[in-house]
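**Q** Below is one structure. I have some questions about it.
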Amino acid sequence: MNIILLGAPGSGKGTQGEILSSSLGVPRIATGDVLRAAVAAGARLGEKAQRFMDRGELVPDDVILGLIREKLASPEAAKGVIMDGFPRNPAQATAVDGFLSSRGARVDQVVSFDVSEGELVLRAIGRASTEGRSDDTPDTIRKRLEVYREQTQPLIEHYQKRNIVSIIDGTGTIDEVAKRVEDAVQS
Ligand code: AMP
């Protein structure tokens with residue numbers, strides 16, 4: 001079962017990805033987490049990525065495509081993955097589709113989290129005060145939302161052509177949203 005979670009920053013993908021990962025028993029892979037760990041470790045990958053992350057821009061595909069392939073090729077991912085934070089643009093979607101099909105697999109389901117922009121900004125401000133992420137400043141948040149709208153949202157259409165997209169209401173309690181995710185994945 002290969003599932004993509006799509007949604008703007010703050011839409012709840014990370015939290016819901018963790019819940020879904022334990023209920024389905026497949027790992028959640030989050031490129032944002034991998035990049036932040038690389039920055040914290042002072043790794044070369046992190047050095048290349050940090051300035052883009054701090055500006056709220058996408059890290060270039062020459063860095064990301066290798067990372068995606070490496071993660072999808074890992075033994076834990078063989079039975080399926082929950083993709084959180086990627087693909088984030090058409091080139092990454094092509095890479096994911098191509099990699100999976102080379103293994104006789106495919107993207108089985110895309111769950112897109114619908115949350116209004118006003119609510120996303122409020123959540124981001126709340127998260128900035130609790131998590132202290134360096135890319136949760138008002139300017140960066142605005143930029144990340146714009147990048148999402150322009151580069152990532154078109155992927156909904158890409159996967160709608162295959163009829164595998166469920167758009168769910170991302171507002172409400174964690175349990176309420178988790179129930180919608182579960183229903184979408186089972187549909
Ligand atoms: P996230 O935790 O998914 O919100 O990602 C935080 C930041 O990491 C993003 O604003 C991007 O700068 C970078 N990033 C994460 N995943 C990707 C990706 N798939 N492609 C490009 N940049 C990414």
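Following the order of the structure tokens, first chain is A, next is B, and so on, with residues numbered from 1 inside each chain and ligands from 1 in the order they appear.
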Can I get the residues of chain A within 7 Å of ligand 1, each with the closest pair of atoms and their distance in Å to one decimal, using only C-alpha atoms and all ligand atoms, sorted chain first then ascending number, as a Markdown table?
**A**
```
| residue | atom | partner | partner_atom_place_in_ligand_line | distance |
| --- | --- | --- | --- | --- |
| A:Pro9 | CA | ligand 1 | 4 (O) | 5.3 |
| A:Ala30 | CA | ligand 1 | 3 (O) | 6.5 |
| A:Thr31 | CA | ligand 1 | 16 (N) | 4.3 |
| A:Gly32 | CA | ligand 1 | 2 (O) | 3.6 |
| A:Asp33 | CA | ligand 1 | 2 (O) | 5.9 |
| A:Leu35 | CA | ligand 1 | 8 (O) | 6.3 |
| A:Phe52 | CA | ligand 1 | 12 (O) | 5.3 |
| A:Met53 | CA | ligand 1 | 12 (O) | 3.4 |
| A:Asp54 | CA | ligand 1 | 12 (O) | 6.9 |
| A:Gly56 | CA | ligand 1 | 10 (O) | 4.6 |
| A:Glu57 | CA | ligand 1 | 12 (O) | 4.8 |
| A:Leu58 | CA | ligand 1 | 22 (N) | 3.7 |
| A:Val59 | CA | ligand 1 | 22 (N) | 3.9 |
| A:Pro60 | CA | ligand 1 | 21 (C) | 6.1 |
| A:Asp61 | CA | ligand 1 | 21 (C) | 6.7 |
| A:Ile64 | CA | ligand 1 | 20 (N) | 5.7 |
| A:Asp84 | CA | ligand 1 | 3 (O) | 6.8 |
| A:Gly85 | CA | ligand 1 | 3 (O) | 4.2 |
| A:Phe86 | CA | ligand 1 | 19 (N) | 4.0 |
| A:Pro87 | CA | ligand 1 | 19 (N) | 5.3 |
| A:Arg88 | CA | ligand 1 | 19 (N) | 5.0 |
| A:Arg144 | CA | ligand 1 | 10 (O) | 5.8 |
```
**Q** Find the spatial neighbours of Glu117 of chain A, counting only C-alpha atoms, within a cut-off of 12 Å - ignore same-chain residues fewer than 2 positions away - and output them as a PDB file with all heavy atoms, in the first residue's frame.
**A**
```pdb
ATOM      1  N   GLY A   7      -0.952  18.055   1.303  1.00  0.00           N
ATOM      2  CA  GLY A   7      -1.601  19.123   2.062  1.00  0.00           C
ATOM      3  C   GLY A   7      -0.612  20.231   2.336  1.00  0.00           C
ATOM      4  O   GLY A   7       0.605  20.011   2.367  1.00  0.00           O
ATOM      5  N   ALA A   8      -1.147  21.418   2.531  1.00  0.00           N
ATOM      6  CA  ALA A   8      -0.304  22.576   2.797  1.00  0.00           C
ATOM      7  C   ALA A   8       0.416  22.404   4.129  1.00  0.00           C
ATOM      8  O   ALA A   8       0.011  21.572   4.944  1.00  0.00           O
ATOM      9  CB  ALA A   8      -1.189  23.817   2.822  1.00  0.00           C
ATOM     10  N   PRO A   9       1.471  23.202   4.354  1.00  0.00           N
ATOM     11  CA  PRO A   9       2.133  23.139   5.659  1.00  0.00           C
ATOM     12  C   PRO A   9       1.123  23.432   6.768  1.00  0.00           C
ATOM     13  O   PRO A   9       0.343  24.380   6.666  1.00  0.00           O
ATOM     14  CB  PRO A   9       3.200  24.243   5.599  1.00  0.00           C
ATOM     15  CG  PRO A   9       3.041  24.942   4.302  1.00  0.00           C
ATOM     16  CD  PRO A   9       2.115  24.161   3.447  1.00  0.00           C
ATOM     17  N   GLY A  10       1.111  22.585   7.797  1.00  0.00           N
ATOM     18  CA  GLY A  10       0.176  22.787   8.904  1.00  0.00           C
ATOM     19  C   GLY A  10      -1.173  22.119   8.702  1.00  0.00           C
ATOM     20  O   GLY A  10      -2.064  22.261   9.522  1.00  0.00           O
ATOM     21  N   SER A  11      -1.298  21.354   7.609  1.00  0.00           N
ATOM     22  CA  SER A  11      -2.614  20.758   7.345  1.00  0.00           C
ATOM     23  C   SER A  11      -2.843  19.468   8.137  1.00  0.00           C
ATOM     24  O   SER A  11      -3.934  18.905   8.086  1.00  0.00           O
ATOM     25  CB  SER A  11      -2.792  20.491   5.851  1.00  0.00           C
ATOM     26  OG  SER A  11      -1.808  19.582   5.415  1.00  0.00           O
ATOM     27  N   PHE A 113      -5.492  16.888   2.284  1.00  0.00           N
ATOM     28  CA  PHE A 113      -6.088  17.530   3.462  1.00  0.00           C
ATOM     29  C   PHE A 113      -6.534  18.937   3.119  1.00  0.00           C
ATOM     30  O   PHE A 113      -5.719  19.772   2.752  1.00  0.00           O
ATOM     31  CB  PHE A 113      -5.064  17.596   4.612  1.00  0.00           C
ATOM     32  CG  PHE A 113      -4.690  16.256   5.160  1.00  0.00           C
ATOM     33  CD1 PHE A 113      -3.866  15.399   4.439  1.00  0.00           C
ATOM     34  CD2 PHE A 113      -5.161  15.841   6.387  1.00  0.00           C
ATOM     35  CE1 PHE A 113      -3.520  14.155   4.938  1.00  0.00           C
ATOM     36  CE2 PHE A 113      -4.823  14.600   6.903  1.00  0.00           C
ATOM     37  CZ  PHE A 113      -4.010  13.754   6.172  1.00  0.00           C
ATOM     38  N   ASP A 114      -7.825  19.162   3.260  1.00  0.00           N
ATOM     39  CA  ASP A 114      -8.384  20.459   2.938  1.00  0.00           C
ATOM     40  C   ASP A 114      -8.510  21.297   4.224  1.00  0.00           C
ATOM     41  O   ASP A 114      -9.254  20.917   5.129  1.00  0.00           O
ATOM     42  CB  ASP A 114      -9.765  20.234   2.294  1.00  0.00           C
ATOM     43  CG  ASP A 114     -10.336  21.496   1.711  1.00  0.00           C
ATOM     44  OD1 ASP A 114      -9.545  22.396   1.367  1.00  0.00           O
ATOM     45  OD2 ASP A 114     -11.570  21.596   1.613  1.00  0.00           O
ATOM     46  N   VAL A 115      -7.746  22.374   4.280  1.00  0.00           N
ATOM     47  CA  VAL A 115      -7.795  23.288   5.440  1.00  0.00           C
ATOM     48  C   VAL A 115      -7.703  24.710   4.890  1.00  0.00           C
ATOM     49  O   VAL A 115      -6.877  24.971   4.011  1.00  0.00           O
ATOM     50  CB  VAL A 115      -6.604  23.034   6.413  1.00  0.00           C
ATOM     51  CG1 VAL A 115      -6.642  23.996   7.587  1.00  0.00           C
ATOM     52  CG2 VAL A 115      -6.605  21.596   6.925  1.00  0.00           C
ATOM     53  N   GLU A 119      -6.959  29.242   8.683  1.00  0.00           N
ATOM     54  CA  GLU A 119      -6.701  28.241   9.727  1.00  0.00           C
ATOM     55  C   GLU A 119      -5.228  27.777   9.679  1.00  0.00           C
ATOM     56  O   GLU A 119      -4.598  27.588  10.722  1.00  0.00           O
ATOM     57  CB  GLU A 119      -7.665  27.057   9.503  1.00  0.00           C
ATOM     58  CG  GLU A 119      -7.365  25.795  10.267  1.00  0.00           C
ATOM     59  CD  GLU A 119      -7.906  25.787  11.700  1.00  0.00           C
ATOM     60  OE1 GLU A 119      -8.716  26.673  12.024  1.00  0.00           O
ATOM     61  OE2 GLU A 119      -7.475  24.908  12.470  1.00  0.00           O
ATOM     62  N   LEU A 120      -4.685  27.639   8.467  1.00  0.00           N
ATOM     63  CA  LEU A 120      -3.288  27.199   8.340  1.00  0.00           C
ATOM     64  C   LEU A 120      -2.342  28.213   8.979  1.00  0.00           C
ATOM     65  O   LEU A 120      -1.389  27.839   9.662  1.00  0.00           O
ATOM     66  CB  LEU A 120      -2.908  27.025   6.857  1.00  0.00           C
ATOM     67  CG  LEU A 120      -3.554  25.849   6.128  1.00  0.00           C
ATOM     68  CD1 LEU A 120      -3.278  25.947   4.632  1.00  0.00           C
ATOM     69  CD2 LEU A 120      -3.019  24.523   6.677  1.00  0.00           C
ATOM     70  N   VAL A 121      -2.611  29.506   8.753  1.00  0.00           N
ATOM     71  CA  VAL A 121      -1.745  30.542   9.314  1.00  0.00           C
ATOM     72  C   VAL A 121      -1.828  30.508  10.847  1.00  0.00           C
ATOM     73  O   VAL A 121      -0.807  30.547  11.534  1.00  0.00           O
ATOM     74  CB  VAL A 121      -2.112  31.938   8.749  1.00  0.00           C
ATOM     75  CG1 VAL A 121      -1.362  33.040   9.481  1.00  0.00           C
ATOM     76  CG2 VAL A 121      -1.822  31.993   7.252  1.00  0.00           C
ATOM     77  N   LEU A 122      -3.050  30.358  11.379  1.00  0.00           N
ATOM     78  CA  LEU A 122      -3.204  30.279  12.839  1.00  0.00           C
ATOM     79  C   LEU A 122      -2.445  29.084  13.407  1.00  0.00           C
ATOM     80  O   LEU A 122      -1.743  29.186  14.410  1.00  0.00           O
ATOM     81  CB  LEU A 122      -4.687  30.141  13.210  1.00  0.00           C
ATOM     82  CG  LEU A 122      -5.537  31.404  13.076  1.00  0.00           C
ATOM     83  CD1 LEU A 122      -6.989  31.092  13.448  1.00  0.00           C
ATOM     84  CD2 LEU A 122      -4.996  32.515  13.986  1.00  0.00           C
ATOM     85  N   ARG A 123      -2.566  27.944  12.740  1.00  0.00           N
ATOM     86  CA  ARG A 123      -1.870  26.737  13.223  1.00  0.00           C
ATOM     87  C   ARG A 123      -0.359  26.953  13.187  1.00  0.00           C
ATOM     88  O   ARG A 123       0.354  26.531  14.088  1.00  0.00           O
ATOM     89  CB  ARG A 123      -2.214  25.539  12.335  1.00  0.00           C
ATOM     90  CG  ARG A 123      -3.622  25.026  12.536  1.00  0.00           C
ATOM     91  CD  ARG A 123      -3.781  23.736  11.752  1.00  0.00           C
ATOM     92  NE  ARG A 123      -5.150  23.267  11.724  1.00  0.00           N
ATOM     93  CZ  ARG A 123      -5.519  22.130  11.132  1.00  0.00           C
ATOM     94  NH1 ARG A 123      -4.626  21.378  10.526  1.00  0.00           N
ATOM     95  NH2 ARG A 123      -6.777  21.758  11.152  1.00  0.00           N
ATOM     96  N   ALA A 124       0.119  27.588  12.100  1.00  0.00           N
ATOM     97  CA  ALA A 124       1.567  27.783  11.943  1.00  0.00           C
ATOM     98  C   ALA A 124       2.101  28.695  13.042  1.00  0.00           C
ATOM     99  O   ALA A 124       3.186  28.458  13.584  1.00  0.00           O
ATOM    100  CB  ALA A 124       1.875  28.369  10.569  1.00  0.00           C
ATOM    101  N   ILE A 141       6.203  31.254   6.330  1.00  0.00           N
ATOM    102  CA  ILE A 141       4.928  30.531   6.265  1.00  0.00           C
ATOM    103  C   ILE A 141       4.158  30.958   5.016  1.00  0.00           C
ATOM    104  O   ILE A 141       3.652  30.126   4.260  1.00  0.00           O
ATOM    105  CB  ILE A 141       4.089  30.792   7.537  1.00  0.00           C
ATOM    106  CG1 ILE A 141       4.756  30.125   8.750  1.00  0.00           C
ATOM    107  CG2 ILE A 141       2.664  30.259   7.368  1.00  0.00           C
ATOM    108  CD1 ILE A 141       4.294  30.670  10.079  1.00  0.00           C
ATOM    109  N   ARG A 142       4.125  32.278   4.792  1.00  0.00           N
ATOM    110  CA  ARG A 142       3.423  32.786   3.607  1.00  0.00           C
ATOM    111  C   ARG A 142       4.044  32.194   2.332  1.00  0.00           C
ATOM    112  O   ARG A 142       3.358  31.759   1.425  1.00  0.00           O
ATOM    113  CB  ARG A 142       3.514  34.308   3.572  1.00  0.00           C
ATOM    114  CG  ARG A 142       2.180  34.949   3.259  1.00  0.00           C
ATOM    115  CD  ARG A 142       2.192  36.457   3.477  1.00  0.00           C
ATOM    116  NE  ARG A 142       2.201  36.834   4.875  1.00  0.00           N
ATOM    117  CZ  ARG A 142       3.109  37.635   5.464  1.00  0.00           C
ATOM    118  NH1 ARG A 142       4.094  38.162   4.782  1.00  0.00           N
ATOM    119  NH2 ARG A 142       3.014  37.927   6.738  1.00  0.00           N
ATOM    120  N   ARG A 144       5.768  29.412   2.048  1.00  0.00           N
ATOM    121  CA  ARG A 144       5.522  27.975   1.931  1.00  0.00           C
ATOM    122  C   ARG A 144       4.108  27.692   1.425  1.00  0.00           C
ATOM    123  O   ARG A 144       3.883  26.755   0.666  1.00  0.00           O
ATOM    124  CB  ARG A 144       5.789  27.273   3.271  1.00  0.00           C
ATOM    125  CG  ARG A 144       7.292  27.104   3.497  1.00  0.00           C
ATOM    126  CD  ARG A 144       7.653  26.946   4.949  1.00  0.00           C
ATOM    127  NE  ARG A 144       7.095  25.760   5.551  1.00  0.00           N
ATOM    128  CZ  ARG A 144       6.782  25.655   6.843  1.00  0.00           C
ATOM    129  NH1 ARG A 144       6.979  26.678   7.655  1.00  0.00           N
ATOM    130  NH2 ARG A 144       6.301  24.547   7.301  1.00  0.00           N
ATOM    131  N   LEU A 145       3.156  28.533   1.847  1.00  0.00           N
ATOM    132  CA  LEU A 145       1.785  28.359   1.354  1.00  0.00           C
ATOM    133  C   LEU A 145       1.713  28.643  -0.148  1.00  0.00           C
ATOM    134  O   LEU A 145       1.051  27.929  -0.903  1.00  0.00           O
ATOM    135  CB  LEU A 145       0.823  29.290   2.108  1.00  0.00           C
ATOM    136  CG  LEU A 145       0.529  28.892   3.559  1.00  0.00           C
ATOM    137  CD1 LEU A 145      -0.301  29.966   4.254  1.00  0.00           C
ATOM    138  CD2 LEU A 145      -0.191  27.558   3.619  1.00  0.00           C
ATOM    139  N   GLU A 146       2.435  29.680  -0.568  1.00  0.00           N
ATOM    140  CA  GLU A 146       2.451  30.036  -1.999  1.00  0.00           C
ATOM    141  C   GLU A 146       3.094  28.906  -2.831  1.00  0.00           C
ATOM    142  O   GLU A 146       2.580  28.509  -3.872  1.00  0.00           O
ATOM    143  CB  GLU A 146       3.247  31.333  -2.135  1.00  0.00           C
ATOM    144  CG  GLU A 146       3.370  31.899  -3.519  1.00  0.00           C
ATOM    145  CD  GLU A 146       4.417  33.028  -3.517  1.00  0.00           C
ATOM    146  OE1 GLU A 146       4.391  33.887  -2.612  1.00  0.00           O
ATOM    147  OE2 GLU A 146       5.272  33.008  -4.422  1.00  0.00           O
ATOM    148  N   TYR A 148       3.223  25.820  -2.027  1.00  0.00           N
ATOM    149  CA  TYR A 148       2.278  24.697  -2.039  1.00  0.00           C
ATOM    150  C   TYR A 148       1.233  24.888  -3.137  1.00  0.00           C
ATOM    151  O   TYR A 148       0.996  23.995  -3.949  1.00  0.00           O
ATOM    152  CB  TYR A 148       1.592  24.533  -0.672  1.00  0.00           C
ATOM    153  CG  TYR A 148       0.569  23.421  -0.718  1.00  0.00           C
ATOM    154  CD1 TYR A 148       0.979  22.094  -0.706  1.00  0.00           C
ATOM    155  CD2 TYR A 148      -0.781  23.698  -0.860  1.00  0.00           C
ATOM    156  CE1 TYR A 148       0.061  21.061  -0.825  1.00  0.00           C
ATOM    157  CE2 TYR A 148      -1.709  22.673  -0.978  1.00  0.00           C
ATOM    158  CZ  TYR A 148      -1.278  21.360  -0.966  1.00  0.00           C
ATOM    159  OH  TYR A 148      -2.182  20.350  -1.107  1.00  0.00           O
ATOM    160  N   ARG A 149       0.631  26.086  -3.138  1.00  0.00           N
ATOM    161  CA  ARG A 149      -0.422  26.366  -4.127  1.00  0.00           C
ATOM    162  C   ARG A 149       0.087  26.222  -5.549  1.00  0.00           C
ATOM    163  O   ARG A 149      -0.561  25.638  -6.400  1.00  0.00           O
ATOM    164  CB  ARG A 149      -0.904  27.813  -3.954  1.00  0.00           C
ATOM    165  CG  ARG A 149      -2.259  27.945  -3.304  1.00  0.00           C
ATOM    166  CD  ARG A 149      -2.816  29.350  -3.459  1.00  0.00           C
ATOM    167  NE  ARG A 149      -1.837  30.419  -3.399  1.00  0.00           N
ATOM    168  CZ  ARG A 149      -1.545  31.134  -2.299  1.00  0.00           C
ATOM    169  NH1 ARG A 149      -2.149  30.894  -1.175  1.00  0.00           N
ATOM    170  NH2 ARG A 149      -0.641  32.099  -2.338  1.00  0.00           N
ATOM    171  N   GLY A 170      -9.737  18.652   6.685  1.00  0.00           N
ATOM    172  CA  GLY A 170      -8.638  18.527   7.644  1.00  0.00           C
ATOM    173  C   GLY A 170      -8.869  19.286   8.943  1.00  0.00           C
ATOM    174  O   GLY A 170      -7.946  19.425   9.741  1.00  0.00           O
ATOM    175  N   THR A 171     -10.096  19.773   9.147  1.00  0.00           N
ATOM    176  CA  THR A 171     -10.365  20.478  10.405  1.00  0.00           C
ATOM    177  C   THR A 171     -11.137  19.557  11.359  1.00  0.00           C
ATOM    178  O   THR A 171     -11.769  18.599  10.930  1.00  0.00           O
ATOM    179  CB  THR A 171     -11.184  21.768  10.170  1.00  0.00           C
ATOM    180  OG1 THR A 171     -12.417  21.434   9.541  1.00  0.00           O
ATOM    181  CG2 THR A 171     -10.437  22.743   9.285  1.00  0.00           C
TER     182      THR A 171
END
```
**Q** Pick out each residue of chain A that DSSP on the backbone tags as alpha helix (DSSP H); I need them as a PyMOL selection string.
**A** chain A and resi 13-24+31-40+44-55+61-72+90-102+117-131+138-147+154-160+174-186
**Q** Between A:Lys13, A:Lys143, A:Arg162, A:Arg127, single out the one closest to Val107 of chain A, counting only C-alpha atoms.
**A**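 Among the listed residues, the smallest separation from Val107 of chain A belongs to A:Arg162.
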**Q** Compile the contact shell of Ser21 of chain A as a PDB file with N, CA and C atoms, in the first residue's frame: residues with an atom at most 12 Å away, counting only C-alpha atoms, same-chain residues fewer than 2 positions apart removed.
**A**
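Writing the result to out35.pdb gives the following:
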```pdb
ATOM      1  N   MET A   1       0.849  -1.198   0.000  1.00  0.00           N
ATOM      2  CA  MET A   1       0.000   0.000   0.000  1.00  0.00           C
ATOM      3  C   MET A   1       0.884   1.248   0.000  1.00  0.00           C
ATOM      4  N   ASN A   2       0.904   1.972  -1.107  1.00  0.00           N
ATOM      5  CA  ASN A   2       1.691   3.210  -1.169  1.00  0.00           C
ATOM      6  C   ASN A   2       0.733   4.392  -1.180  1.00  0.00           C
ATOM      7  N   ILE A   3       0.866   5.214  -0.153  1.00  0.00           N
ATOM      8  CA  ILE A   3      -0.088   6.302   0.044  1.00  0.00           C
ATOM      9  C   ILE A   3       0.654   7.633   0.070  1.00  0.00           C
ATOM     10  N   ILE A   4       0.099   8.606  -0.630  1.00  0.00           N
ATOM     11  CA  ILE A   4       0.664   9.963  -0.569  1.00  0.00           C
ATOM     12  C   ILE A   4      -0.273  10.834   0.260  1.00  0.00           C
ATOM     13  N   LEU A   5       0.292  11.547   1.228  1.00  0.00           N
ATOM     14  CA  LEU A   5      -0.485  12.537   1.962  1.00  0.00           C
ATOM     15  C   LEU A   5      -0.140  13.900   1.376  1.00  0.00           C
ATOM     16  N   LYS A  13      -0.726  16.627   7.998  1.00  0.00           N
ATOM     17  CA  LYS A  13      -0.167  15.427   7.372  1.00  0.00           C
ATOM     18  C   LYS A  13       0.734  14.633   8.305  1.00  0.00           C
ATOM     19  N   GLY A  14       1.599  15.344   9.032  1.00  0.00           N
ATOM     20  CA  GLY A  14       2.584  14.659   9.875  1.00  0.00           C
ATOM     21  C   GLY A  14       1.907  13.842  10.967  1.00  0.00           C
ATOM     22  N   THR A  15       1.009  14.488  11.696  1.00  0.00           N
ATOM     23  CA  THR A  15       0.288  13.821  12.790  1.00  0.00           C
ATOM     24  C   THR A  15      -0.518  12.649  12.247  1.00  0.00           C
ATOM     25  N   GLN A  16      -1.254  12.892  11.183  1.00  0.00           N
ATOM     26  CA  GLN A  16      -2.104  11.839  10.620  1.00  0.00           C
ATOM     27  C   GLN A  16      -1.260  10.741   9.981  1.00  0.00           C
ATOM     28  N   GLY A  17      -0.108  11.118   9.433  1.00  0.00           N
ATOM     29  CA  GLY A  17       0.791  10.123   8.831  1.00  0.00           C
ATOM     30  C   GLY A  17       1.295   9.147   9.880  1.00  0.00           C
ATOM     31  N   GLU A  18       1.602   9.660  11.071  1.00  0.00           N
ATOM     32  CA  GLU A  18       2.064   8.797  12.169  1.00  0.00           C
ATOM     33  C   GLU A  18       0.969   7.814  12.573  1.00  0.00           C
ATOM     34  N   ILE A  19      -0.258   8.335  12.696  1.00  0.00           N
ATOM     35  CA  ILE A  19      -1.382   7.486  13.121  1.00  0.00           C
ATOM     36  C   ILE A  19      -1.624   6.392  12.078  1.00  0.00           C
ATOM     37  N   SER A  23      -1.440   2.289  12.241  1.00  0.00           N
ATOM     38  CA  SER A  23      -2.599   1.414  12.005  1.00  0.00           C
ATOM     39  C   SER A  23      -2.370   0.482  10.809  1.00  0.00           C
ATOM     40  N   LEU A  24      -1.640   0.934   9.804  1.00  0.00           N
ATOM     41  CA  LEU A  24      -1.414   0.060   8.639  1.00  0.00           C
ATOM     42  C   LEU A  24      -0.140  -0.771   8.750  1.00  0.00           C
ATOM     43  N   GLY A  25       0.739  -0.371   9.673  1.00  0.00           N
ATOM     44  CA  GLY A  25       2.010  -1.087   9.803  1.00  0.00           C
ATOM     45  C   GLY A  25       2.952  -0.842   8.636  1.00  0.00           C
ATOM     46  N   VAL A  26       2.846   0.312   8.014  1.00  0.00           N
ATOM     47  CA  VAL A  26       3.835   0.679   6.972  1.00  0.00           C
ATOM     48  C   VAL A  26       4.510   1.986   7.398  1.00  0.00           C
ATOM     49  N   PRO A  27       5.794   2.129   7.050  1.00  0.00           N
ATOM     50  CA  PRO A  27       6.510   3.305   7.545  1.00  0.00           C
ATOM     51  C   PRO A  27       6.044   4.614   6.905  1.00  0.00           C
ATOM     52  N   ARG A  28       6.160   5.682   7.679  1.00  0.00           N
ATOM     53  CA  ARG A  28       5.922   7.020   7.147  1.00  0.00           C
ATOM     54  C   ARG A  28       7.283   7.598   6.788  1.00  0.00           C
ATOM     55  N   ILE A  29       7.392   8.071   5.576  1.00  0.00           N
ATOM     56  CA  ILE A  29       8.634   8.740   5.172  1.00  0.00           C
ATOM     57  C   ILE A  29       8.317  10.214   4.958  1.00  0.00           C
ATOM     58  N   ALA A  30       9.028  11.067   5.686  1.00  0.00           N
ATOM     59  CA  ALA A  30       8.784  12.511   5.577  1.00  0.00           C
ATOM     60  C   ALA A  30      10.083  13.184   5.161  1.00  0.00           C
ATOM     61  N   ALA A  77      10.603  -0.134   3.212  1.00  0.00           N
ATOM     62  CA  ALA A  77       9.579   0.445   2.336  1.00  0.00           C
ATOM     63  C   ALA A  77       9.006  -0.572   1.356  1.00  0.00           C
ATOM     64  N   GLY A  80       5.301  -1.096   1.295  1.00  0.00           N
ATOM     65  CA  GLY A  80       4.485   0.102   1.136  1.00  0.00           C
ATOM     66  C   GLY A  80       4.991   1.222   2.019  1.00  0.00           C
ATOM     67  N   VAL A  81       4.578   2.431   1.707  1.00  0.00           N
ATOM     68  CA  VAL A  81       5.008   3.596   2.481  1.00  0.00           C
ATOM     69  C   VAL A  81       3.890   4.633   2.536  1.00  0.00           C
ATOM     70  N   ILE A  82       4.007   5.459   3.539  1.00  0.00           N
ATOM     71  CA  ILE A  82       3.168   6.648   3.598  1.00  0.00           C
ATOM     72  C   ILE A  82       4.081   7.821   3.316  1.00  0.00           C
ATOM     73  N   MET A  83       3.825   8.493   2.210  1.00  0.00           N
ATOM     74  CA  MET A  83       4.696   9.597   1.796  1.00  0.00           C
ATOM     75  C   MET A  83       4.141  10.906   2.333  1.00  0.00           C
ATOM     76  N   ASP A  84       4.935  11.539   3.169  1.00  0.00           N
ATOM     77  CA  ASP A  84       4.514  12.791   3.823  1.00  0.00           C
ATOM     78  C   ASP A  84       5.493  13.886   3.398  1.00  0.00           C
ATOM     79  N   ALA A 178      -8.502  11.576  11.759  1.00  0.00           N
ATOM     80  CA  ALA A 178      -7.942  10.228  11.582  1.00  0.00           C
ATOM     81  C   ALA A 178      -8.997   9.267  11.029  1.00  0.00           C
ATOM     82  N   VAL A 181      -9.361   9.894   7.384  1.00  0.00           N
ATOM     83  CA  VAL A 181      -8.212   9.354   6.649  1.00  0.00           C
ATOM     84  C   VAL A 181      -8.399   7.847   6.471  1.00  0.00           C
ATOM     85  N   GLU A 182      -8.775   7.200   7.572  1.00  0.00           N
ATOM     86  CA  GLU A 182      -8.961   5.742   7.534  1.00  0.00           C
ATOM     87  C   GLU A 182     -10.042   5.354   6.509  1.00  0.00           C
ATOM     88  N   VAL A 185      -8.677   5.747   2.984  1.00  0.00           N
ATOM     89  CA  VAL A 185      -7.703   4.725   2.603  1.00  0.00           C
ATOM     90  C   VAL A 185      -8.379   3.390   2.334  1.00  0.00           C
TER      91      VAL A 185
END
```
**Q** Mind listing the strand (DSSP E or B) residues of segment 46-175 of chain A, per DSSP on the backbone, as a ChimeraX atom specification?
**A** /A:81-84,109-114,165-169
**Q** With only C-alpha atoms as the basis for distance, which of A:Gly46, A:Gly12, A:Pro90, A:Gly66 is at the shortest distance from Tyr159 of chain A?
**A**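 Using only C-alpha atoms, Tyr159 of chain A sits closest to A:Pro90.
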